[in-house]
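Beneath this line is the structure, given in structure tokens, with notes to follow.
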Amino acid sequence: MEKDNIGGEKAIIEERRKKLEQLRDKGDAYGNSFKPQNNAKSLHEEYGAFSKEELADKNIKNISIAGRIVLKRVMGNASFATLRDASGDIQIYVTKNNVEESVYEDFKTWDLGDIVGVSGSLFRTKTDELTIDVWDLEMITKSLRPMPEKFKGLTDIEARYRQRYLDLMTNNSTKEIFIKRTKIIDSMRRKMNEVGYLEVETPMMHPLAGGAVARPFVTQHNALGQDLFLRIAPELYLKRLLVGGFEKVFEINRSFRNEGLSTKHNPEFTMMEWYEAYASMQDQMDLTKDIILNAASAAGCEESIEWDKNKINLGNFKQSTLSELVVEYNPELKDKDLSNKKILEQYLKSISVKIEKAWGPGRLLLEIFEETVESKLIDPTFVTEYPVEVSPLSRRNEHKPDFADRFELFIGGKEFANGFCELNDPDDQASRFEDQVTAKDSGDKEAMDYDHDYITALEHGMPPAVGVGMGVDRLVMLLTNQSSIRDVLLFPQLKS
């Protein structure tokens, strides 16, 4: 069957190439002179409510539109077709009475997928469909390959990701997801501008791997003769800007982490990170909430939404410490010393979690949280007081030195944002970099390098600040009800 399909497609391509040669002989194979003055969506919005008689009275002429033929019905001396442009679909009506006979005969041979330009007037058909009565039309781009068999949409998931252009060409629902993605990002940028943040750009290639705990991609700069790392996060550069005197900065950026592919992770992803001097952690949790609610409004979401089979109330933001949640969901640990390494190790073994020798009490506590709590945080929940051991760039809590002034936001059992009071003590930061280097030397491929220049920057003095990173792709997944990150990335990374 597959061979038959390949053979059938080959025959179609050969036939279309013959048509292309005929167009080349006439000198109009790939035109570039047609300039549409309208689009399908605006025509439906402006004239969709008018009756057949009202349209006739208004005599709306000089309509011009360009689009891809996605449906065609040839009926002797008159034909119907549906054109699809970036905004939507609209029907056209072509007859021998209104166009030259030779043009009409050519039109009858045009194929689904061809991009054409038409001009004409508006009317309603007997079936009450808004339609363009064409008095001029031209071929703009000849399509050599057939569209997917069902014009209603490309259904093969693998093909949708690998040939996104076909997915967008045939599935309006896919196009709507990416329109919403743009609206969501626009709303995030507007919110940051409203509250006085400056948008900046920082390098995507770093001399050192840093800014987050993750495995980096390594590349080679030939002229410099040195390795560079695709950025894991922009954090250390954005904080250099705080040292330089900017007090409120943000960046919507691409970051890269050399980790596995899954429905939740892509090695190249979009984040928004922001930093504000003299802010409190509560200030930034409030701003994070506002950003998400604004994005939900931009995407047309109600307060109550559904995502990944969970019902989520975006009007119900909660807040708890990590230790409180560990005890809540693991009552066996109530009244236990959560700083005792042996107790934590024994509990992790009892729930069949593999333990690394290098892990201290902080990392062990985080493992319990990730294994037993994360997936249960369905309504938006800010989790605070993370162990310093797993927060190498965060400021220590003044009253609980083993914990950092840090929060993460979880929705639908997934992490959406990570924020903390920034560590601005250069000696403390240097000590934590040294711990990271020790971990790297012990085989931890996600540990950071020692960034001497960043320590030098801190020695010049960085004001107290709070920084937050939010995953844009995951936010789009939430607000468009998509369970795979590949459905919100135009071109996701795939295996060969």
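The chains in the structure tokens are called A, B, ... from first to last as shown; in each chain the residues are counted from 1, and the ligands are counted from 1 in the order shown.
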Enumerate the residues of range 288-408 of chain A with a DSSP assignment of strand (DSSP E or B), computed from the backbone, and present them as a PDB file with N, CA and C atoms, in the first residue's frame.
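Result file follows (result-v4.pdb):
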```pdb
ATOM      1  N   SER A 304     -11.394  28.990  35.263  1.00  0.00           N
ATOM      2  CA  SER A 304     -11.290  27.546  35.416  1.00  0.00           C
ATOM      3  C   SER A 304     -10.945  26.934  34.062  1.00  0.00           C
ATOM      4  N   ILE A 305      -9.819  26.210  34.010  1.00  0.00           N
ATOM      5  CA  ILE A 305      -9.375  25.619  32.752  1.00  0.00           C
ATOM      6  C   ILE A 305      -9.083  24.138  32.947  1.00  0.00           C
ATOM      7  N   GLU A 306      -8.909  23.460  31.834  1.00  0.00           N
ATOM      8  CA  GLU A 306      -8.553  22.041  31.866  1.00  0.00           C
ATOM      9  C   GLU A 306      -7.212  21.878  31.184  1.00  0.00           C
ATOM     10  N   TRP A 307      -6.332  21.058  31.781  1.00  0.00           N
ATOM     11  CA  TRP A 307      -5.028  20.806  31.178  1.00  0.00           C
ATOM     12  C   TRP A 307      -4.530  19.446  31.616  1.00  0.00           C
ATOM     13  N   ASN A 310      -6.475  17.504  34.058  1.00  0.00           N
ATOM     14  CA  ASN A 310      -6.697  18.128  35.368  1.00  0.00           C
ATOM     15  C   ASN A 310      -7.552  19.381  35.222  1.00  0.00           C
ATOM     16  N   LYS A 311      -8.458  19.584  36.165  1.00  0.00           N
ATOM     17  CA  LYS A 311      -9.216  20.834  36.237  1.00  0.00           C
ATOM     18  C   LYS A 311      -8.456  21.781  37.154  1.00  0.00           C
ATOM     19  N   ILE A 312      -8.143  22.960  36.633  1.00  0.00           N
ATOM     20  CA  ILE A 312      -7.282  23.911  37.342  1.00  0.00           C
ATOM     21  C   ILE A 312      -8.031  25.221  37.532  1.00  0.00           C
ATOM     22  N   ASN A 313      -7.979  25.739  38.752  1.00  0.00           N
ATOM     23  CA  ASN A 313      -8.609  27.020  39.059  1.00  0.00           C
ATOM     24  C   ASN A 313      -7.530  28.090  39.127  1.00  0.00           C
ATOM     25  N   LYS A 318      -2.030  29.321  45.766  1.00  0.00           N
ATOM     26  CA  LYS A 318      -1.704  28.949  47.147  1.00  0.00           C
ATOM     27  C   LYS A 318      -0.209  29.167  47.407  1.00  0.00           C
ATOM     28  N   GLN A 319       0.184  29.036  48.687  1.00  0.00           N
ATOM     29  CA  GLN A 319       1.588  29.216  49.046  1.00  0.00           C
ATOM     30  C   GLN A 319       1.927  28.363  50.270  1.00  0.00           C
ATOM     31  N   SER A 320       3.008  27.550  50.181  1.00  0.00           N
ATOM     32  CA  SER A 320       3.464  26.706  51.292  1.00  0.00           C
ATOM     33  C   SER A 320       4.970  26.522  51.181  1.00  0.00           C
ATOM     34  N   THR A 321       5.615  26.160  52.309  1.00  0.00           N
ATOM     35  CA  THR A 321       7.042  25.843  52.241  1.00  0.00           C
ATOM     36  C   THR A 321       7.218  24.411  51.741  1.00  0.00           C
ATOM     37  N   THR A 381       0.425  26.772  42.896  1.00  0.00           N
ATOM     38  CA  THR A 381       0.990  26.709  44.251  1.00  0.00           C
ATOM     39  C   THR A 381       2.420  27.234  44.246  1.00  0.00           C
ATOM     40  N   PHE A 382       2.672  28.267  45.021  1.00  0.00           N
ATOM     41  CA  PHE A 382       4.029  28.760  45.233  1.00  0.00           C
ATOM     42  C   PHE A 382       4.665  27.955  46.364  1.00  0.00           C
ATOM     43  N   VAL A 383       5.790  27.306  46.066  1.00  0.00           N
ATOM     44  CA  VAL A 383       6.525  26.526  47.061  1.00  0.00           C
ATOM     45  C   VAL A 383       7.759  27.330  47.446  1.00  0.00           C
ATOM     46  N   THR A 384       7.938  27.572  48.736  1.00  0.00           N
ATOM     47  CA  THR A 384       9.036  28.413  49.224  1.00  0.00           C
ATOM     48  C   THR A 384      10.006  27.601  50.094  1.00  0.00           C
ATOM     49  N   GLU A 385      11.121  28.266  50.457  1.00  0.00           N
ATOM     50  CA  GLU A 385      12.148  27.692  51.348  1.00  0.00           C
ATOM     51  C   GLU A 385      12.744  26.401  50.794  1.00  0.00           C
ATOM     52  N   TYR A 386      13.505  26.560  49.715  1.00  0.00           N
ATOM     53  CA  TYR A 386      14.254  25.445  49.144  1.00  0.00           C
ATOM     54  C   TYR A 386      15.609  25.315  49.840  1.00  0.00           C
ATOM     55  N   PRO A 387      16.136  24.093  49.949  1.00  0.00           N
ATOM     56  CA  PRO A 387      17.455  23.917  50.569  1.00  0.00           C
ATOM     57  C   PRO A 387      18.534  24.681  49.802  1.00  0.00           C
ATOM     58  N   SER A 394      21.151  31.304  45.086  1.00  0.00           N
ATOM     59  CA  SER A 394      20.127  31.967  45.904  1.00  0.00           C
ATOM     60  C   SER A 394      20.697  32.469  47.227  1.00  0.00           C
ATOM     61  N   ARG A 396      20.782  33.012  51.181  1.00  0.00           N
ATOM     62  CA  ARG A 396      20.374  32.237  52.348  1.00  0.00           C
ATOM     63  C   ARG A 396      19.295  32.988  53.137  1.00  0.00           C
ATOM     64  N   PHE A 403      18.324  27.009  54.362  1.00  0.00           N
ATOM     65  CA  PHE A 403      17.321  27.198  53.315  1.00  0.00           C
ATOM     66  C   PHE A 403      17.549  28.527  52.595  1.00  0.00           C
ATOM     67  N   ALA A 404      17.135  28.565  51.353  1.00  0.00           N
ATOM     68  CA  ALA A 404      17.291  29.763  50.530  1.00  0.00           C
ATOM     69  C   ALA A 404      15.964  30.508  50.436  1.00  0.00           C
ATOM     70  N   ASP A 405      16.059  31.820  50.236  1.00  0.00           N
ATOM     71  CA  ASP A 405      14.866  32.621  49.959  1.00  0.00           C
ATOM     72  C   ASP A 405      14.509  32.406  48.485  1.00  0.00           C
ATOM     73  N   ARG A 406      13.810  31.314  48.244  1.00  0.00           N
ATOM     74  CA  ARG A 406      13.520  30.876  46.871  1.00  0.00           C
ATOM     75  C   ARG A 406      12.097  30.354  46.788  1.00  0.00           C
ATOM     76  N   PHE A 407      11.479  30.524  45.626  1.00  0.00           N
ATOM     77  CA  PHE A 407      10.163  29.923  45.397  1.00  0.00           C
ATOM     78  C   PHE A 407      10.124  29.281  44.021  1.00  0.00           C
ATOM     79  N   GLU A 408       9.257  28.298  43.883  1.00  0.00           N
ATOM     80  CA  GLU A 408       8.900  27.750  42.580  1.00  0.00           C
ATOM     81  C   GLU A 408       7.384  27.705  42.500  1.00  0.00           C
TER      82      GLU A 408
END
```
inquiry  = Can you pull out the residues contacting range 155-163 of chain A? Cut-off 7 Å, using only C-alpha atoms, and skip same-chain residues under 3 positions away; I want them as a ChimeraX atom specification.
reply    = /A:166-167,491-492
ask   = Which residues, written as a list in words, have at least one atom at most 10 Å from Thr174 in chain A, with only C-alpha atoms counted and residues fewer than 5 positions away on the same chain left out?
value = Gly153, Arg160, Arg164, Asp167, Leu168, Met169, Ile179, Asp487, Val488 and Leu490 of chain A
Can you list, as an mmCIF file with C-alpha atoms, in the first residue's frame, every protein, DNA or RNA residue that comes within 9 Å of Asp425 in chain A when you count only C-alpha atoms, leaving out same-chain residues fewer than 2 positions away?
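File written: result06.cif
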```
data_model
loop_
_atom_site.group_PDB
_atom_site.id
_atom_site.type_symbol
_atom_site.label_atom_id
_atom_site.label_comp_id
_atom_site.auth_asym_id
_atom_site.auth_seq_id
_atom_site.Cartn_x
_atom_site.Cartn_y
_atom_site.Cartn_z
ATOM 1 C CA ARG A 395 20.478 34.092 49.030
ATOM 2 C CA LEU A 423 22.972 35.977 46.364
ATOM 3 C CA ASP A 427 32.471 35.293 49.271
ATOM 4 C CA ASP A 428 29.378 33.130 49.774
ATOM 5 C CA GLN A 429 28.913 32.900 45.988
ATOM 6 C CA ALA A 430 32.582 31.948 45.510
ATOM 7 C CA LEU A 458 29.780 40.941 42.707
ATOM 8 C CA GLU A 459 32.846 42.405 44.407
ATOM 9 C CA GLY A 461 28.579 45.440 44.617
ATOM 10 C CA MET A 462 25.204 44.153 43.424
#
```
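Of the listed residues (A:Ala49, A:Asp133, A:Arg257, A:Arg474), A:Arg257 comes nearest to Val218 in chain A; the distances count only C-alpha atoms.
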request  = Please measure the separation of CA of Arg189 in chain A and CA of Ala295 in chain A, giving the value in Å to one decimal.
outcome  = 10.0 Å
task = Extract, using only C-alpha atoms, all DNA, RNA and protein residues at most 10 Å from range 475-480 of chain A, discarding same-chain residues fewer than 4 positions from it, and format them as JSON, numbers by chain.
result = {"A": [176, 177, 178, 180, 181, 182, 183, 184, 185, 264, 271, 292, 295, 296, 297, 298, 299, 300, 301, 302, 305, 306, 307, 308, 312, 411, 412, 414, 415, 416, 417, 470, 471, 484, 485, 486, 487, 488, 489]}
Residues just named, written with C-alpha atoms as a compact mmCIF listing (two decimals), in the first residue's frame:
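Resulting contents of part_27.txt:
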```txt
# COMPACT_ATOMS: atom_id res chain seq x y z
CA GLU A 176 -4.74 29.00 16.27
CA ILE A 177 -2.34 27.56 18.88
CA PHE A 178 0.55 29.56 17.46
CA LYS A 180 -2.35 32.31 20.83
CA ARG A 181 1.33 31.72 21.60
CA THR A 182 2.17 35.09 20.08
CA LYS A 183 -0.64 36.77 22.04
CA ILE A 184 0.60 35.18 25.27
CA ILE A 185 4.17 36.39 24.73
CA LYS A 264 7.60 17.93 28.48
CA MET A 271 12.07 31.42 28.93
CA ILE A 292 -0.02 34.34 34.20
CA ALA A 295 -1.56 35.68 29.60
CA ALA A 296 -4.67 33.62 30.31
CA SER A 297 -6.85 36.59 29.38
CA ALA A 298 -4.85 37.16 26.18
CA ALA A 299 -5.38 33.51 25.23
CA GLY A 300 -9.12 33.79 25.86
CA CYS A 301 -9.11 31.44 28.88
CA GLU A 302 -11.65 31.40 31.68
CA ILE A 305 -9.38 25.62 32.75
CA GLU A 306 -8.55 22.04 31.87
CA TRP A 307 -5.03 20.81 31.18
CA ASP A 308 -3.55 17.35 30.93
CA ILE A 312 -7.28 23.91 37.34
CA ILE A 411 0.46 24.28 38.18
CA GLY A 412 -1.07 21.00 37.11
CA LYS A 414 4.44 20.90 36.67
CA GLU A 415 6.96 23.62 37.46
CA PHE A 416 6.23 26.96 35.79
CA ALA A 417 8.52 29.47 37.45
CA MET A 470 9.35 31.37 33.74
CA GLY A 471 8.99 28.71 31.06
CA SER A 484 3.01 17.81 24.53
CA ILE A 485 5.56 20.60 24.23
CA ARG A 486 5.92 19.63 20.55
CA ASP A 487 2.43 20.96 19.93
CA VAL A 488 3.43 24.50 20.98
CA LEU A 489 6.79 24.61 19.17
```
query = So which one's closest to Pro148 in chain A, A:Asp444, A:Glu345, A:Glu9, A:Glu199? Using only C-alpha atoms, please.
reply = A:Glu9
task = Find, counting only C-alpha atoms, the residue in A:Ile291, A:Val200, A:Met285, A:Ile378 that gets nearest to Asn316 in chain A.
result =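 Of A:Ile291, A:Val200, A:Met285, A:Ile378, the one nearest Asn316 in chain A is A:Ile378, counting only C-alpha atoms.
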Which of A:Asn171, A:Ser352, A:Val134, A:Tyr275 sits closest to Leu198 in chain A [using only C-alpha atoms] =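 Nearest candidate to Leu198 in chain A out of A:Asn171, A:Ser352, A:Val134, A:Tyr275: A:Tyr275.
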request  = Considering only C-alpha atoms, state which residue in the set A:Phe420, A:Tyr237, A:Phe80, A:Tyr347 is at the smallest distance from Ser280 in chain A.
outcome  =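 Closest candidate: A:Phe420.
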message = Just checking: using only C-alpha atoms, which residue out of A:Leu393, A:Asp111, A:Val468, A:Phe246 ends up closest to Asp286 in chain A?
response = A:Val468
